[in-house]
>>> print(open('start.cif').read())   # mmCIF, C-alpha atoms and all ligand atoms
data_start
loop_
_atom_site.label_atom_id
_atom_site.label_comp_id
_atom_site.auth_asym_id
_atom_site.auth_seq_id
_atom_site.Cartn_x
_atom_site.Cartn_y
_atom_site.Cartn_z
CA SER A 1 0.00 0.00 0.00
CA THR A 2 1.09 3.56 -0.59
CA ASN A 3 1.12 6.02 2.26
CA THR A 4 0.50 9.68 1.63
CA ILE A 5 2.34 12.01 3.97
CA THR A 6 2.04 15.75 4.42
CA VAL A 7 5.24 17.70 3.77
CA ILE A 8 5.83 21.24 5.04
CA PRO A 9 9.05 22.64 3.51
CA GLY A 10 9.16 25.49 6.05
CA ASP A 11 11.44 28.52 6.22
CA GLY A 12 15.15 29.28 5.93
CA ILE A 13 17.08 26.05 5.40
CA GLY A 14 13.75 24.17 5.59
CA PRO A 15 13.18 23.70 1.84
CA ASP A 16 16.78 22.45 1.37
CA ILE A 17 16.75 19.86 4.13
CA VAL A 18 13.19 18.77 3.30
CA GLU A 19 14.15 18.24 -0.35
CA ALA A 20 17.19 16.24 0.77
CA THR A 21 15.06 14.11 3.10
CA VAL A 22 12.39 13.41 0.48
CA LYS A 23 15.12 12.31 -1.97
CA VAL A 24 16.50 9.92 0.65
CA LEU A 25 13.01 8.49 1.37
CA ASP A 26 12.45 7.93 -2.35
CA ALA A 27 15.88 6.35 -2.83
CA ALA A 28 15.18 3.94 0.04
CA GLY A 29 12.05 2.72 -1.78
CA CYS A 30 9.51 4.16 0.66
CA ASN A 31 7.09 4.80 -2.19
CA PHE A 32 5.26 7.71 -0.55
CA ASN A 33 2.89 10.19 -2.11
CA TYR A 34 3.44 13.72 -0.83
CA ASP A 35 0.89 16.43 -0.03
CA TYR A 36 2.91 19.64 0.09
CA ALA A 37 1.63 22.39 2.40
CA ASP A 38 2.68 25.93 3.32
CA ALA A 39 3.34 27.12 6.84
CA GLY A 40 5.46 29.83 8.44
CA LEU A 41 6.74 32.84 6.50
CA ALA A 42 5.92 31.25 3.14
CA ALA A 43 2.32 30.85 4.25
CA LEU A 44 2.19 34.37 5.64
CA ALA A 45 3.22 35.68 2.22
CA ASN A 46 0.82 33.44 0.27
CA HIS A 47 -2.20 33.22 2.57
CA GLY A 48 -1.81 36.03 5.13
CA GLU A 49 -1.41 33.62 8.05
CA LEU A 50 1.36 31.47 9.48
CA MET A 51 -0.70 28.27 9.64
CA PRO A 52 -3.47 28.28 7.02
CA GLU A 53 -6.58 26.14 7.45
CA SER A 54 -5.68 24.17 4.29
CA THR A 55 -2.40 23.09 5.93
CA LEU A 56 -4.16 22.06 9.13
CA GLU A 57 -6.55 19.96 7.03
CA LEU A 58 -3.65 18.15 5.37
CA ILE A 59 -1.97 17.48 8.73
CA ALA A 60 -5.27 16.01 9.96
CA LYS A 61 -5.87 14.00 6.78
CA ASN A 62 -2.63 12.00 6.52
CA PRO A 63 -1.08 9.58 9.03
CA ALA A 64 2.12 11.62 9.34
CA THR A 65 3.60 15.02 8.57
CA LEU A 66 7.25 15.78 7.81
CA LYS A 67 7.92 19.37 8.78
CA GLY A 68 10.80 21.74 8.07
CA PRO A 69 11.63 24.40 10.68
CA LEU A 70 9.36 27.42 10.77
CA THR A 71 10.30 30.98 11.56
CA THR A 72 7.96 32.57 14.07
CA PRO A 73 8.19 36.33 13.42
CA ILE A 74 9.05 38.22 16.62
CA GLY A 75 6.97 41.15 17.80
CA THR A 76 4.01 40.55 15.49
CA GLY A 77 1.63 39.12 18.06
CA PHE A 78 1.78 35.63 16.55
CA THR A 79 2.13 32.83 19.07
CA SER A 80 4.59 30.06 18.34
CA ILE A 81 3.35 27.85 15.52
CA ASN A 82 4.85 24.80 17.17
CA VAL A 83 3.02 25.40 20.42
CA SER A 84 -0.30 25.97 18.66
CA LEU A 85 0.13 22.80 16.54
CA ARG A 86 0.75 20.81 19.70
CA LYS A 87 -2.47 22.13 21.21
CA GLN A 88 -4.60 21.90 18.09
CA PHE A 89 -3.77 18.24 17.41
CA ASN A 90 -3.25 17.23 21.05
CA LEU A 91 0.26 15.98 20.24
CA TYR A 92 0.85 14.83 23.77
CA ALA A 93 4.11 12.93 23.29
CA ASN A 94 7.35 14.63 22.32
CA VAL A 95 9.80 11.89 21.44
CA ARG A 96 13.44 12.84 21.10
CA PRO A 97 16.00 10.11 20.40
CA VAL A 98 19.73 10.83 20.55
CA LEU A 99 22.44 8.50 19.34
CA SER A 100 26.17 9.11 19.24
CA LEU A 101 27.53 8.62 15.75
CA LYS A 102 31.14 8.10 14.68
CA GLY A 103 32.50 11.13 12.88
CA THR A 104 30.54 13.71 14.88
CA GLN A 105 31.32 15.98 17.83
CA ALA A 106 29.55 13.60 20.21
CA ARG A 107 31.01 13.87 23.71
CA PHE A 108 30.45 10.16 24.35
CA ASP A 109 30.48 7.25 21.94
CA ASN A 110 27.86 5.16 23.72
CA VAL A 111 24.77 7.35 23.96
CA ASP A 112 21.46 5.86 22.80
CA ILE A 113 18.64 7.55 24.70
CA ILE A 114 15.02 8.32 23.88
CA THR A 115 13.42 11.09 25.92
CA VAL A 116 9.63 10.93 26.03
CA ARG A 117 8.34 14.30 27.19
CA GLU A 118 4.73 15.05 28.11
CA ASN A 119 3.86 17.87 25.74
CA THR A 120 0.58 19.39 26.94
CA GLU A 121 0.50 19.70 30.75
CA GLY A 122 2.72 20.65 33.66
CA MET A 123 4.48 24.00 33.88
CA TYR A 124 3.77 24.75 30.21
CA SER A 125 0.00 24.42 30.28
CA GLY A 126 -0.22 28.21 30.48
CA ALA A 127 -2.74 27.99 33.30
CA GLY A 128 -3.07 30.54 36.07
CA GLN A 129 -0.54 33.05 34.79
CA VAL A 130 -0.94 36.08 37.03
CA ILE A 131 1.31 38.98 37.88
CA SER A 132 0.36 41.35 40.67
CA GLU A 133 -0.41 44.94 39.75
CA ASP A 134 2.74 46.20 41.44
CA GLY A 135 4.75 43.65 39.46
CA LEU A 136 6.22 42.13 42.60
CA ILE A 137 4.57 38.71 42.58
CA ALA A 138 4.22 36.38 39.60
CA GLU A 139 2.49 33.05 39.58
CA ALA A 140 1.63 30.19 37.22
CA LYS A 141 -0.15 26.93 37.73
CA SER A 142 1.31 23.54 37.04
CA ILE A 143 -1.34 20.96 36.24
CA ILE A 144 -0.77 17.23 36.08
CA THR A 145 -3.72 14.94 35.44
CA ARG A 146 -3.87 11.22 36.12
CA GLU A 147 -5.09 10.77 32.55
CA GLY A 148 -2.19 12.76 31.08
CA ALA A 149 0.42 11.02 33.22
CA GLU A 150 -0.95 7.58 32.42
CA ARG A 151 -1.10 8.36 28.71
CA ILE A 152 2.54 9.48 28.50
CA CYS A 153 3.91 6.68 30.70
CA THR A 154 2.01 4.06 28.73
CA PHE A 155 3.33 5.62 25.53
CA ALA A 156 6.91 5.35 26.82
CA TYR A 157 6.56 1.69 27.79
CA GLU A 158 4.87 0.77 24.52
CA LEU A 159 7.67 2.53 22.64
CA ALA A 160 10.26 0.70 24.73
CA ARG A 161 8.63 -2.62 23.90
CA LYS A 162 8.30 -1.85 20.21
CA GLU A 163 11.93 -0.79 19.90
CA GLY A 164 13.31 -3.62 22.01
CA ARG A 165 14.48 -1.32 24.79
CA LYS A 166 15.34 -2.66 28.23
CA LYS A 167 14.65 0.11 30.71
CA VAL A 168 12.34 3.07 31.34
CA THR A 169 13.42 5.76 33.80
CA ALA A 170 10.65 7.99 35.19
CA VAL A 171 12.14 11.38 36.04
CA HIS A 172 10.43 13.51 38.70
CA LYS A 173 10.84 15.86 41.66
CA ALA A 174 8.20 14.30 43.88
CA ASN A 175 10.21 14.94 47.04
CA ILE A 176 9.61 18.71 46.66
CA MET A 177 6.69 19.10 44.22
CA LYS A 178 4.59 16.69 46.19
CA THR A 179 1.24 17.11 44.47
CA THR A 180 2.13 17.46 40.78
CA SER A 181 5.32 15.46 40.47
CA GLY A 182 3.95 13.19 43.19
CA LEU A 183 0.94 12.25 41.09
CA PHE A 184 3.14 11.73 38.03
CA LEU A 185 5.43 9.38 39.96
CA GLN A 186 2.53 7.46 41.48
CA VAL A 187 1.03 6.89 38.03
CA ALA A 188 4.44 5.99 36.58
CA ARG A 189 4.76 3.27 39.24
CA GLU A 190 1.32 1.91 38.42
CA VAL A 191 2.05 1.79 34.69
CA ALA A 192 5.43 0.13 35.37
CA GLN A 193 3.56 -2.77 37.02
CA ARG A 194 1.91 -3.54 33.70
CA TYR A 195 5.27 -4.00 31.95
CA PRO A 196 7.18 -6.66 33.90
CA ASP A 197 9.26 -7.38 30.78
CA ILE A 198 10.84 -3.93 30.98
CA GLN A 199 13.06 -2.72 33.78
CA SER A 200 11.64 0.31 35.58
CA GLU A 201 13.60 2.93 37.43
CA GLU A 202 12.74 6.27 39.02
CA MET A 203 15.10 9.18 39.41
CA ILE A 204 14.99 12.74 40.71
CA VAL A 205 15.55 15.31 37.97
CA ASP A 206 18.65 17.04 39.33
CA ALA A 207 20.41 13.74 39.96
CA THR A 208 19.39 12.69 36.46
CA CYS A 209 21.22 15.70 34.99
CA MET A 210 24.40 14.81 36.83
CA LYS A 211 24.24 11.15 35.87
CA LEU A 212 23.52 11.96 32.23
CA VAL A 213 26.61 14.12 32.02
CA MET A 214 28.85 11.65 33.85
CA ASP A 215 27.73 8.38 32.28
CA PRO A 216 24.90 8.57 29.73
CA SER A 217 25.27 4.90 28.81
CA GLN A 218 23.19 3.93 31.87
CA PHE A 219 20.05 5.49 30.30
CA ASP A 220 17.70 3.92 27.80
CA VAL A 221 14.17 5.45 27.68
CA ILE A 222 13.39 8.47 29.89
CA VAL A 223 9.79 9.51 30.54
CA THR A 224 8.99 12.79 32.25
CA THR A 225 6.79 15.86 32.54
CA ASN A 226 6.86 18.87 30.21
CA LEU A 227 9.45 21.23 31.73
CA PHE A 228 11.89 18.51 32.82
CA GLY A 229 11.58 16.88 29.41
CA ASP A 230 12.29 20.12 27.59
CA ILE A 231 15.51 20.60 29.53
CA LEU A 232 16.66 16.97 29.62
CA SER A 233 16.13 16.45 25.90
CA ASP A 234 18.36 19.42 25.07
CA LEU A 235 20.94 18.13 27.52
CA CYS A 236 20.83 14.78 25.71
CA ALA A 237 21.23 16.51 22.34
CA GLY A 238 24.35 18.17 23.73
CA LEU A 239 25.77 14.78 24.66
CA VAL A 240 25.76 13.73 21.00
CA GLY A 241 27.10 16.92 19.47
CA GLY A 242 24.23 19.39 19.52
CA LEU A 243 20.93 20.14 17.89
CA GLY A 244 22.21 19.42 14.37
CA MET A 245 21.92 15.69 15.09
CA ALA A 246 18.65 15.76 17.02
CA PRO A 247 15.24 14.88 15.57
CA GLY A 248 11.92 15.13 17.37
CA ALA A 249 8.45 13.71 16.92
CA ASN A 250 5.21 15.17 18.22
CA ILE A 251 2.67 12.38 18.46
CA GLY A 252 -1.02 12.34 19.31
CA GLU A 253 -3.87 9.85 18.96
CA GLN A 254 -4.79 11.05 15.46
CA SER A 255 -1.80 12.91 14.05
CA ALA A 256 1.97 12.93 14.19
CA ILE A 257 4.52 15.53 13.13
CA PHE A 258 8.19 14.70 12.58
CA GLU A 259 10.89 17.35 12.47
CA ALA A 260 14.41 18.41 13.34
CA VAL A 261 14.93 20.03 16.71
CA HIS A 262 16.92 22.93 15.26
CA GLY A 263 15.41 26.06 13.71
CA SER A 264 15.37 27.65 10.27
CA ALA A 265 19.03 28.82 10.47
CA PRO A 266 18.48 32.03 8.47
CA ASP A 267 22.24 32.73 8.63
CA ILE A 268 23.00 29.85 6.25
CA ALA A 269 19.73 29.63 4.29
CA GLY A 270 19.91 29.17 0.53
CA GLN A 271 23.68 28.53 0.50
CA ASP A 272 23.69 24.73 0.24
CA LEU A 273 25.35 24.61 3.68
CA ALA A 274 22.69 23.01 5.88
CA ASN A 275 23.22 19.57 7.37
CA PRO A 276 20.02 17.57 6.70
CA THR A 277 20.88 14.80 9.21
CA ALA A 278 18.48 15.85 11.98
CA LEU A 279 15.50 15.90 9.63
CA ILE A 280 16.53 12.62 7.99
CA LEU A 281 16.66 11.09 11.48
CA GLY A 282 13.18 12.58 12.02
CA ALA A 283 12.05 10.82 8.85
CA ILE A 284 13.48 7.57 10.26
CA GLN A 285 11.31 8.10 13.36
CA MET A 286 8.37 8.59 11.01
CA LEU A 287 9.12 5.32 9.20
CA GLU A 288 9.25 3.45 12.52
CA TYR A 289 5.95 5.06 13.49
CA LEU A 290 4.38 3.93 10.20
CA GLY A 291 5.71 0.40 10.69
CA MET A 292 8.32 0.69 7.91
CA SER A 293 11.25 -0.55 10.00
CA GLU A 294 13.10 -2.07 7.08
CA GLN A 295 13.43 1.22 5.21
CA ALA A 296 14.22 2.99 8.49
CA ALA A 297 17.13 0.66 9.19
CA LYS A 298 18.44 1.02 5.64
CA ILE A 299 18.49 4.80 5.83
CA ARG A 300 20.01 4.80 9.31
CA THR A 301 22.91 2.66 8.13
CA ALA A 302 23.49 4.85 5.08
CA VAL A 303 23.55 8.02 7.20
CA GLN A 304 25.87 6.48 9.80
CA ASP A 305 28.28 5.14 7.19
CA THR A 306 28.38 8.44 5.31
CA ILE A 307 29.13 10.47 8.44
CA ALA A 308 31.66 7.91 9.72
CA SER A 309 33.53 8.01 6.39
CA GLY A 310 34.25 11.71 6.93
CA GLU A 311 33.98 12.20 3.18
CA ASN A 312 31.35 14.36 1.51
CA VAL A 313 30.07 15.58 4.86
CA THR A 314 28.84 19.10 5.61
CA LYS A 315 30.90 21.86 7.27
CA ASP A 316 29.40 21.42 10.73
CA LEU A 317 30.63 17.78 10.57
CA GLY A 318 34.12 18.90 9.66
CA GLY A 319 33.85 18.41 5.91
CA ASN A 320 33.36 20.77 3.00
CA ALA A 321 30.47 19.23 1.09
CA GLY A 322 27.19 21.06 0.55
CA THR A 323 23.73 19.79 1.44
CA LYS A 324 23.30 18.26 -2.02
CA ALA A 325 26.65 16.44 -2.18
CA PHE A 326 26.15 15.07 1.35
CA THR A 327 22.66 13.87 0.42
CA ASP A 328 23.98 12.23 -2.75
CA ALA A 329 26.62 10.43 -0.67
CA ILE A 330 23.87 9.01 1.55
CA ILE A 331 21.79 8.03 -1.48
CA SER A 332 24.74 6.28 -3.12
CA ARG A 333 24.79 3.94 -0.10
CA LEU A 334 21.09 3.06 -0.36
P1 LIG A 401 18.67 27.65 14.70
O1 LIG A 401 18.59 26.26 15.17
O2 LIG A 401 17.94 27.98 13.45
O3 LIG A 401 20.21 28.05 14.46
C1 LIG A 401 21.20 28.02 15.49
C2 LIG A 401 22.60 27.86 14.86
O4 LIG A 401 22.77 26.50 14.41
C3 LIG A 401 22.83 28.74 13.63
O5 LIG A 401 24.16 29.19 13.60
C4 LIG A 401 22.58 27.81 12.47
O6 LIG A 401 23.28 28.17 11.29
C5 LIG A 401 23.04 26.46 13.01
N1 LIG A 401 22.25 25.35 12.42
C6 LIG A 401 20.97 25.03 12.73
N2 LIG A 401 20.55 23.99 12.01
C7 LIG A 401 21.61 23.64 11.21
C8 LIG A 401 21.78 22.62 10.22
N3 LIG A 401 20.82 21.76 9.91
N4 LIG A 401 22.97 22.55 9.60
C9 LIG A 401 23.98 23.41 9.90
N5 LIG A 401 23.86 24.39 10.83
C10 LIG A 401 22.69 24.50 11.48
O7 LIG A 401 18.19 28.57 15.90
P2 LIG A 401 17.82 30.12 15.93
O8 LIG A 401 18.80 30.88 15.09
O9 LIG A 401 17.68 30.44 17.35
O10 LIG A 401 16.38 30.25 15.28
C11 LIG A 401 16.12 30.66 13.93
C12 LIG A 401 14.62 30.60 13.67
O11 LIG A 401 14.15 29.25 13.76
C13 LIG A 401 13.74 31.40 14.63
O12 LIG A 401 12.78 32.09 13.87
C14 LIG A 401 13.08 30.35 15.50
O13 LIG A 401 11.80 30.77 15.91
C15 LIG A 401 12.97 29.20 14.54
N6 LIG A 401 12.91 27.87 15.21
C16 LIG A 401 12.02 26.97 14.73
C17 LIG A 401 11.94 25.70 15.24
C18 LIG A 401 10.97 24.73 14.64
O14 LIG A 401 10.27 25.05 13.69
N7 LIG A 401 10.90 23.51 15.13
C19 LIG A 401 12.80 25.28 16.37
C20 LIG A 401 13.74 26.29 16.79
C21 LIG A 401 13.76 27.55 16.23
MG MG A 402 13.22 23.12 24.12
#
>>> encode(input="start.cif", output="structure tokens", more="lines below")
Ligand code: NAI
Ligand code: MG
Amino acid sequence: STNTITVIPGDGIGPDIVEATVKVLDAAGCNFNYDYADAGLAALANHGELMPESTLELIAKNPATLKGPLTTPIGTGFTSINVSLRKQFNLYANVRPVLSLKGTQARFDNVDIITVRENTEGMYSGAGQVISEDGLIAEAKSIITREGAERICTFAYELARKEGRKKVTAVHKANIMKTTSGLFLQVAREVAQRYPDIQSEEMIVDATCMKLVMDPSQFDVIVTTNLFGDILSDLCAGLVGGLGMAPGANIGEQSAIFEAVHGSAPDIAGQDLANPTALILGAIQMLEYLGMSEQAAKIRTAVQDTIASGENVTKDLGGNAGTKAFTDAIISRL
């Protein structure tokens, strides 16, 4: 059967890395049809809004969306497109895998961690934001629901099972944030009971940071609430050489959006300089999600071998190839 996926080229280096990724998918025999859709600055120019209704319809229609980075204009009153997409499609799971690859600036050679971050609740729910009239007291509400905690923990364990992972670490601060983090931890323990085949561990967030930096090889799958997940997933990206190697998926019950973690890099846009690796790794996540593991594995090997060879790699990887030559080197291995 042929899957149709929605493709948003995005802004800045977006169109370049999206084109590279689509070429790689085609070369690996994925046999997709593509529904192209505008968002970001391109959409603002063509439709007068950053996220047109027609694009939202295409995201809703197809099983997955591959998305280039979008520039959110500053000082125009627009809220972040990424945040509004998350809300609109209830993309409750933010899944960020990091893997150290030979030939990169990775600080460790044995990192293979998936962070599963709850994407809709906690400190980022936006609830109860108040600042006193004299500006001296600010407050915000953190909300954790049993339903939300159970949904994200179950997601993490199911992912662990599907990907043959051994351990899930629930990260919390229940010793201090007794109600919110306490409820999350309690639910994490309950869900853990349902997965006796997977090792379960719990860890306080500050200790987790220290242990990640000292010996990341002890981690496998991490599941945590919104704010902790935001911070830990960037920390993990740093362990493997930065955001250029880090993909991310936003997954809900009905829709899923796959992207690179980095932004539109306006400083290098249109110069054939961008490294498409993060988005290609995002496409690999998409293939796994769609049950196309064979193609995912094929592409992963081609990317790893290309980067490890040190030849025809982009500037940020220490080479002097452009986006196109690097992509061709990957394709020649498929
Ligand atoms: P950025 O990630 O675009 O760039 C940071 C630095 O990393 C720049 O020097 C850039 O050249 C470099 N870089 C990023 N991706 C690269 C790649 N694939 N290959 C080689 N070098 C790369 O972050 P910045 O500059 O803070 O944000 C630029 C714009 O992107 C902003 O408008 C921001 O709102 C947007 N953004 C969008 C995101 C998304 O759509 N998911 C995520 C983050 C930022
Ligand atoms: Mg972040």
>>> closest_residue(input="start.cif", among="A:Glu19, A:Asp11, A:Asp220, A:Asp197", to="A:Leu41", atoms="only C-alpha atoms")
A:Asp11
>>> closest_atom_pairs(input="start.cif", of="chain A", to="ligand MG 402 (chain A)", cutoff="8 Å", atoms="all atoms listed in the file", output="JSON lines")
{"residue": "A:Asp230", "atom": "CA", "partner": "A:MG402", "partner_atom": "MG", "distance": 4.7}
{"residue": "A:Ile231", "atom": "CA", "partner": "A:MG402", "partner_atom": "MG", "distance": 6.4}
{"residue": "A:Ser233", "atom": "CA", "partner": "A:MG402", "partner_atom": "MG", "distance": 7.5}
{"residue": "A:Asp234", "atom": "CA", "partner": "A:MG402", "partner_atom": "MG", "distance": 6.4}
>>> atom_distance(input="start.cif", atom1="atom CA of A:Glu158", atom2="atom C20 of ligand LIG 401 (chain A)")
28.1 Å
>>> residues_near_ligand(input="start.cif", ligand="ligand LIG 401 (chain A)", cutoff="9 Å", atoms="all atoms listed in the file", output="number ranges by chain")
A: 10-14, 17, 40, 67-74, 80-82, 242-245, 248, 259-269, 273-279, 314-317, 323
>>> closest_residue(input="start.cif", among="A:Val18, A:Ala45, A:Leu50, A:Leu227", to="A:Ile143", atoms="only C-alpha atoms")
A:Leu227
>>> closest_residue(input="start.cif", among="A:Asn3, A:Thr21, A:Ser125, A:Asn250", to="A:Asp35", atoms="only C-alpha atoms")
A:Asn3
>>> residues_around(input="start.cif", residues="A:Leu58", least_positions_apart="3", cutoff="12 Å", atoms="only C-alpha atoms", output="PyMOL selection string")
chain A and resi 4-8+34-39+51-55+61-66+255-257
>>> atom_distance(input="start.cif", atom1="atom CA of A:Leu99", atom2="atom CA of A:Asp112")
4.5 Å
>>> residues_around(input="start.cif", residues="A:Val98", least_positions_apart="5", cutoff="9 Å", atoms="only C-alpha atoms", output="ChimeraX atom specification")
/A:111-115,233,236-237,239-240,245-247
>>> atom_distance(input="start.cif", atom1="atom CA of A:Ile137", atom2="atom CA of A:Val205")
26.3 Å
>>> residues_around(input="start.cif", residues="stretch 176-185 of chain A", least_positions_apart="4", cutoff="12 Å", atoms="all atoms listed in the file", output="JSON list (two decimals) with C-alpha atoms, in the frame of the given file")
[["chain", "number", "residue", "atom", "x", "y", "z"],
["A", 118, "GLU", "CA", 4.73, 15.05, 28.11],
["A", 121, "GLU", "CA", 0.50, 19.70, 30.75],
["A", 122, "GLY", "CA", 2.72, 20.65, 33.66],
["A", 123, "MET", "CA", 4.48, 24.00, 33.88],
["A", 141, "LYS", "CA", -0.15, 26.93, 37.73],
["A", 142, "SER", "CA", 1.31, 23.54, 37.04],
["A", 143, "ILE", "CA", -1.34, 20.96, 36.24],
["A", 144, "ILE", "CA", -0.77, 17.23, 36.08],
["A", 145, "THR", "CA", -3.72, 14.94, 35.44],
["A", 146, "ARG", "CA", -3.87, 11.22, 36.12],
["A", 147, "GLU", "CA", -5.09, 10.77, 32.55],
["A", 148, "GLY", "CA", -2.19, 12.76, 31.08],
["A", 149, "ALA", "CA", 0.42, 11.02, 33.22],
["A", 150, "GLU", "CA", -0.95, 7.58, 32.42],
["A", 151, "ARG", "CA", -1.10, 8.36, 28.71],
["A", 152, "ILE", "CA", 2.54, 9.48, 28.50],
["A", 153, "CYS", "CA", 3.91, 6.68, 30.70],
["A", 169, "THR", "CA", 13.42, 5.76, 33.80],
["A", 170, "ALA", "CA", 10.65, 7.99, 35.19],
["A", 171, "VAL", "CA", 12.14, 11.38, 36.04],
["A", 172, "HIS", "CA", 10.43, 13.51, 38.70],
["A", 189, "ARG", "CA", 4.76, 3.27, 39.24],
["A", 190, "GLU", "CA", 1.32, 1.91, 38.42],
["A", 191, "VAL", "CA", 2.05, 1.79, 34.69],
["A", 192, "ALA", "CA", 5.43, 0.13, 35.37],
["A", 200, "SER", "CA", 11.64, 0.31, 35.58],
["A", 201, "GLU", "CA", 13.60, 2.93, 37.43],
["A", 202, "GLU", "CA", 12.74, 6.27, 39.02],
["A", 203, "MET", "CA", 15.10, 9.18, 39.41],
["A", 204, "ILE", "CA", 14.99, 12.74, 40.71],
["A", 205, "VAL", "CA", 15.55, 15.31, 37.97],
["A", 206, "ASP", "CA", 18.65, 17.04, 39.33],
["A", 223, "VAL", "CA", 9.79, 9.51, 30.54],
["A", 224, "THR", "CA", 8.99, 12.79, 32.25],
["A", 225, "THR", "CA", 6.79, 15.86, 32.54],
["A", 226, "ASN", "CA", 6.86, 18.87, 30.21],
["A", 227, "LEU", "CA", 9.45, 21.23, 31.73],
["A", 228, "PHE", "CA", 11.89, 18.51, 32.82]]
>>> residues_near_point(input="start.cif", point="(24.5, 4.5, 31.8)", cutoff="12 Å", atoms="all atoms listed in the file", output="VMD selection string")
chain A and resid 108 to 113 167 169 208 210 to 222
>>> write_last_selection(input="start.cif", atoms="C-alpha atoms", output="PDB file, keeping the file's coordinate frame")
ATOM      1  CA  PHE A 108      30.450  10.160  24.350  1.00  0.00           C
ATOM      2  CA  ASP A 109      30.480   7.250  21.940  1.00  0.00           C
ATOM      3  CA  ASN A 110      27.860   5.160  23.720  1.00  0.00           C
ATOM      4  CA  VAL A 111      24.770   7.350  23.960  1.00  0.00           C
ATOM      5  CA  ASP A 112      21.460   5.860  22.800  1.00  0.00           C
ATOM      6  CA  ILE A 113      18.640   7.550  24.700  1.00  0.00           C
ATOM      7  CA  LYS A 167      14.650   0.110  30.710  1.00  0.00           C
ATOM      8  CA  THR A 169      13.420   5.760  33.800  1.00  0.00           C
ATOM      9  CA  THR A 208      19.390  12.690  36.460  1.00  0.00           C
ATOM     10  CA  MET A 210      24.400  14.810  36.830  1.00  0.00           C
ATOM     11  CA  LYS A 211      24.240  11.150  35.870  1.00  0.00           C
ATOM     12  CA  LEU A 212      23.520  11.960  32.230  1.00  0.00           C
ATOM     13  CA  VAL A 213      26.610  14.120  32.020  1.00  0.00           C
ATOM     14  CA  MET A 214      28.850  11.650  33.850  1.00  0.00           C
ATOM     15  CA  ASP A 215      27.730   8.380  32.280  1.00  0.00           C
ATOM     16  CA  PRO A 216      24.900   8.570  29.730  1.00  0.00           C
ATOM     17  CA  SER A 217      25.270   4.900  28.810  1.00  0.00           C
ATOM     18  CA  GLN A 218      23.190   3.930  31.870  1.00  0.00           C
ATOM     19  CA  PHE A 219      20.050   5.490  30.300  1.00  0.00           C
ATOM     20  CA  ASP A 220      17.700   3.920  27.800  1.00  0.00           C
ATOM     21  CA  VAL A 221      14.170   5.450  27.680  1.00  0.00           C
ATOM     22  CA  ILE A 222      13.390   8.470  29.890  1.00  0.00           C
TER      23      ILE A 222
END
>>> closest_residue(input="start.cif", among="A:Thr104, A:Ser84, A:Gln186, A:Asn31", to="A:Val303", atoms="all atoms listed in the file")
A:Thr104
>>> closest_residue(input="start.cif", among="A:Val83, A:Gly164, A:Met292, A:Cys209", to="A:Gly238", atoms="only C-alpha atoms")
A:Cys209
>>> closest_residue(input="start.cif", among="A:Pro196, A:Gly29, A:Pro9, A:Gly126", to="A:Ile299", atoms="only C-alpha atoms")
A:Gly29
>>> residues_around(input="start.cif", residues="A:Asn119", least_positions_apart="5", cutoff="8 Å", atoms="all atoms listed in the file", output="list in words")
Arg86, Leu91, Tyr92, Ala93, Asn94, Thr225 and Asn226 of chain A
>>> decode(input="start.cif", residues="stretch 13-36 of chain A", atoms="C-alpha atoms", output="tab-separated table (two decimals), in the first residue's frame")
chain	number	residue	atom	x	y	z
A	13	ILE	CA	17.08	26.05	5.40
A	14	GLY	CA	13.75	24.17	5.59
A	15	PRO	CA	13.18	23.70	1.84
A	16	ASP	CA	16.78	22.45	1.37
A	17	ILE	CA	16.75	19.86	4.13
A	18	VAL	CA	13.19	18.77	3.30
A	19	GLU	CA	14.15	18.24	-0.35
A	20	ALA	CA	17.19	16.24	0.77
A	21	THR	CA	15.06	14.11	3.10
A	22	VAL	CA	12.39	13.41	0.48
A	23	LYS	CA	15.12	12.31	-1.97
A	24	VAL	CA	16.50	9.92	0.65
A	25	LEU	CA	13.01	8.49	1.37
A	26	ASP	CA	12.45	7.93	-2.35
A	27	ALA	CA	15.88	6.35	-2.83
A	28	ALA	CA	15.18	3.94	0.04
A	29	GLY	CA	12.05	2.72	-1.78
A	30	CYS	CA	9.51	4.16	0.66
A	31	ASN	CA	7.09	4.80	-2.19
A	32	PHE	CA	5.26	7.71	-0.55
A	33	ASN	CA	2.89	10.19	-2.11
A	34	TYR	CA	3.44	13.72	-0.83
A	35	ASP	CA	0.89	16.43	-0.03
A	36	TYR	CA	2.91	19.64	0.09
